[in-house]
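Undergrad: Here's a structure for you.
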Amino acid sequence: MTDLLRPRFWETVPLSKMTPAEWEALCDGCGKCCLNKLEYDDTGEVVYTCVACRLFDNATSGCSDYANRKTHVPECVVLTPKTLKKSAYWMPSTCAYKLLWQGRPLPDWHPLVTGDPDSTHKAGQSMRGRTVSELTVPEEDWEDHLIEESP
């Protein structure tokens with residue numbers, strides 16, 4: 001797939017002009033977008049839990065049915081250049097989509113920078129092996145599963 005990508009496209013191509021392959025390649029595979037988050041009404045603060053979406057594969061840090069995720073999880077946000085502005089506030093600070101939207105560079109460990117598809121995991125930036133399924137934790141207990149990551 002990397003043969004279909006323009007060299008260092010993320011530095012020169014606006015998000016809205018990327019090909020579908022380039023857009024998908026921005027994802028570093030961290031899995032943080034698949035975590036359930038809590039937003040406090042009184043402050044607007046968003047906090048992350050280690051409680052992952054029912055489709056999250058804890059062994060790979062990916063979606064077990066990415067192509068059909070909206071069918072199984074209607075509330076799943078399909079990120080596009082148009083939805084990015086409204087979704088950026090809850091996305092992790094290291095997310096390539098958020099960083100590029102803010103005019104910032106990708107982190108040194110990002111797979112597009114390193115050329116290594118496992119660099120996110122090697123850098124300790126993924127949720128691989130660190131989650132519990134929302135199918136096993138009642139929503140009222142999510143607050144007991146907060147993690148340090150913040151948007």
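Chain labels A, B, ... are given in the sequence in which chains occur in the structure tokens; within each chain residues are numbered consecutively from 1, and ligands are likewise numbered from 1 in the order shown.
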Give me the range 57-112 of chain A side of the contact with range 116-131 of chain A, cut-off 9 Å, one line per residue showing its nearest atom pair and distance in Å at one decimal, counting only C-alpha atoms, sorted by chain and residue number, as CSV.
TA:
residue,atom,partner,partner_atom,distance
A:Asp57,CA,A:Arg128,CA,8.1
A:Asn58,CA,A:Gly129,CA,5.1
A:Ala59,CA,A:Gly129,CA,5.7
A:Thr60,CA,A:Arg128,CA,6.0
A:Ser61,CA,A:Arg128,CA,4.6
A:Gly62,CA,A:Arg128,CA,8.4
A:Thr94,CA,A:Gln125,CA,8.6
A:Trp109,CA,A:Ser119,CA,5.7
A:His110,CA,A:Thr120,CA,6.0
A:Pro111,CA,A:Pro117,CA,5.1
A:Leu112,CA,A:Asp116,CA,7.5
Undergrad: Quick one: everything within 12 Å of Glu22 in chain A, counting only C-alpha atoms, minus sequence neighbours fewer than 2 positions away in the same chain. Send it as a ChimeraX atom specification.
TA: /A:1-20,24-27,96-97,112
Undergrad: So, counting only C-alpha atoms, which residue among A:Cys34, A:Leu100, A:Val47, A:Leu55 is closest to Trp142 in chain A?
TA: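 So, comparing all the options, the nearest one is A:Val47.
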Undergrad: What is the distance, in Å and to one decimal place, between CA of Ala52 in chain A and CA of Tyr66 in chain A?
TA: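 Pair CA of Ala52 in chain A / CA of Tyr66 in chain A returns 14.3 Å.
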Undergrad: Calculated over only C-alpha atoms, which of the candidates A:Ala88, A:Ala21, A:Leu35, A:Val51 has the smallest distance to Glu140 in chain A?
TA: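 Of A:Ala88, A:Ala21, A:Leu35, A:Val51, the one nearest Glu140 in chain A, counting only C-alpha atoms, is A:Val51.
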